[in-house]
Amino acid sequence: MSEHGDRAAFLDRIRSRQGRPPGGGPHPPPPAPDVVPELAYRTLDGVDHDDPFALLPVFVAAARAAEATVDVVDDEVPAELLLRFVGDHDVRTAVTSREPEAVALGGALAAAGVSVAPYDREVAAAADLAITSATHGIAATGSVVVDSASAGSRAVSLLAKLHLCVLPMTRLVASHADVLRGQQRPMPSGRVLITGPSRTGDIEQRLTLGAHGPVALHIVVVR
Amino acid sequence: MSNEWPLRSSTLRERSATAVGDPVLRANVGAATDRFRTKRTSALARLHDPDALRSAARGVRGDILADWAATLELLADNVQANGGHVCWAPTGADANDYIASVAQRIGARTVVKSKSMATEETGLNEALAAVGCDTVETDLGEWIIQLAEEHPSHIIAPAMHKNRDQVADTFEAKAGMTERVTEPTELVAFARRELRRRFLEADLGITGANLGVAETGSIVLVTNEGNARMVTSMPRVHIAVMGAERIARTWDQADLVLGLLAKFGTGQTLSSYTTVLSGPRGEDEADGPDEFHLVILDNGRSDIAGTEFAEMLNCIRCGSCLNVCPVYHQTGGHAYGWVYPGPMGAVLTPLLASQQTGHGPGEDHHAGELANASTLCGACMEACPVEIPLQDLLLGLRRRNAEHAGLAERSMWRAWAAAWSRPGAYGASATVATKARRLAPLLGRLPGGSRWTDGRDLPDLPARTFRQRWDAGDV
């Protein structure tokens, strides 16, 4: 932790341009905060924001609109779903985050003959699949939130060709406001709201999935 | 201001003529901006009352910057409390020097960068090359531009002026593509392979910052490709370069701004990755940088505060105003000559240029003429997520230009105003004009005259003026 350059001069220049006296003192209290409105999504009309069962269809539709694929399962991830996924995507190698849901699913994949390892960047960079859990699912935007403090890594959800994310349904919230607002220190070093797979439109505006991150995002919501 | 940009070495007219004369560029830019516009409209249709949100966002940005210095101070303290380092950079050179010194200290050879307009502004890549670093842009569009040795033409889609064949040409000539492919998916796959290698070997990662959030000392990065996530999790040092005005005090404010950014920028509900970073790697985390540095860049921004142009500081760099501008639609970004194109660039470039030339904001002639690259149709104001009155600011810049115009030009306009405010002189000039109408074809042969007549049809002036016909009782 260090500071370079002249903080006082930098800030006094701003203050003088704004017609304020130099020197601000230590953090003067902020002006009384006006209420900052939240974005009101039409898809949430009439939906009880506290009821995960009501949020679920909104989440599934939004995630699919963002090019993710979604399965909703009742209790634990059924073996036939896993086998189908492994077969469809020709998955031979996988890494997992340290989250219990991800580790459990990794165990099931290993039983199905996939080579599964805990996250390591070199292994992950060559892997077919990465498995993580999510701290939240955001209904309005179809996003999953992955946290470096719980996953144990920033890039576990990024490096492999495919990302499989396990989302317990009780972690559904209505909007990004429910995740972003009210955050306080200490923060996880990295937190990412993931909305669909990695993509680019940089060549002729043609949507191409899998620019640098996963080509596909598969979300399994566990009821 | 980087010397390689054409702003100071050419005129707006010359740059526009080049752009408008390139049919590929015009077709690509036109199609891309149309598409962005359509997507924005459908993204906003998912919201109740987007106009009320724009007004709220304008208020929020205004509140934040009313408390600018104190908010920066809180941000800087919290970044350090999170274990990060802070650099206050009054100028682009200060920012470059600091970053180069970090690169030298850690012995960085490969530097990976995620798209950052602030570092385009400071000319960082040249500064890093000077200390022996191999700097690789990793946003696909930005990488294409870097390989082609061109400049970005759009702030969120830097290579939108190129088509797939031109991209393939660039990859063949500059990136060692041996088997030519032209399908966008195959071109993207090629870039993914090449850049993946660079991410893993890089020592230093450099990003911009879409927003710094003071109350937790966090920065937010928004990307679709995931390159910013690579840049901030693979190398052992991460430096974020943030324009000093790109801040929010609270997460309530940040939530509103970020919610609008994706919808106005690319027309997505959210971009693929909205990443919140708070310091270096956490204890017992398997990746992430050992060091995090936040460079807070002024570079002319503070000079805009307290002026009639202060609202330009509210800009969140979404690119929405570019996509609706009829001038940008025709010329693309290169005609604007520097980092920031379109209506926001036509305002911001003259304001920032003052820092480099010692002129007052908007008084630099080369940059000041950018304010003329507008039809004043007002579409940019309508498209701005924070309701910046871009049209008013453009007019303000034009007025400043006029006030600082050359003596000859000012005398001419004064004489014109004086003459046409007297009926006798007005009548005489109109008579002369109708008599001279037969000379019109000669106008094109006068020095400079063809510039006027080539693109225009001179109206056919009647033989007699309206007054003459009135006096004769013909009307």
# chains A, B, ... in the order shown; residues from 1 in each chain; ligands from 1
>>> residues_around(residues="range 366-382 of chain B", least_positions_apart="2", cutoff="9 Å", atoms="only C-alpha atoms", output="MDAnalysis selection string")
chainID B and resid 7:12 320:328 336:338 342:347 349:351 353:354 362:364 384:398 400:401
>>> residues_around(residues="Leu193 in chain A", least_positions_apart="6", cutoff="9 Å", atoms="only C-alpha atoms", output="list in words")
His136, Gly137, Ile138, Ser143, Val144, Val145, Val146, Asp147 and His176 of chain A; Leu270, Ser271, Ser272, Tyr273, Thr274, Thr275 and Val276 of chain B
>>> select_by_dssp(residues="range 28-210 of chain A", states="strand (DSSP E or B)", output="PyMOL selection string")
chain A and resi 41+69-73+93-96+115-118+129-133+136-138+143-147+162-168+172-173+190-194+199-200+208-209
>>> closest_residue(among="A:Pro168, A:Gly190, A:Gly213, A:Pro197", to="Pro52 in chain A", atoms="only C-alpha atoms")
A:Pro168
>>> atom_distance(atom1="CA of Ala402 in chain B", atom2="CA of His365 in chain B")
10.4 Å
>>> residues_around(residues="Ala140 in chain A", least_positions_apart="6", cutoff="10 Å", atoms="only C-alpha atoms", output="ChimeraX atom specification")
/A:39-44,55,58-63,173-176 /B:46,269-270
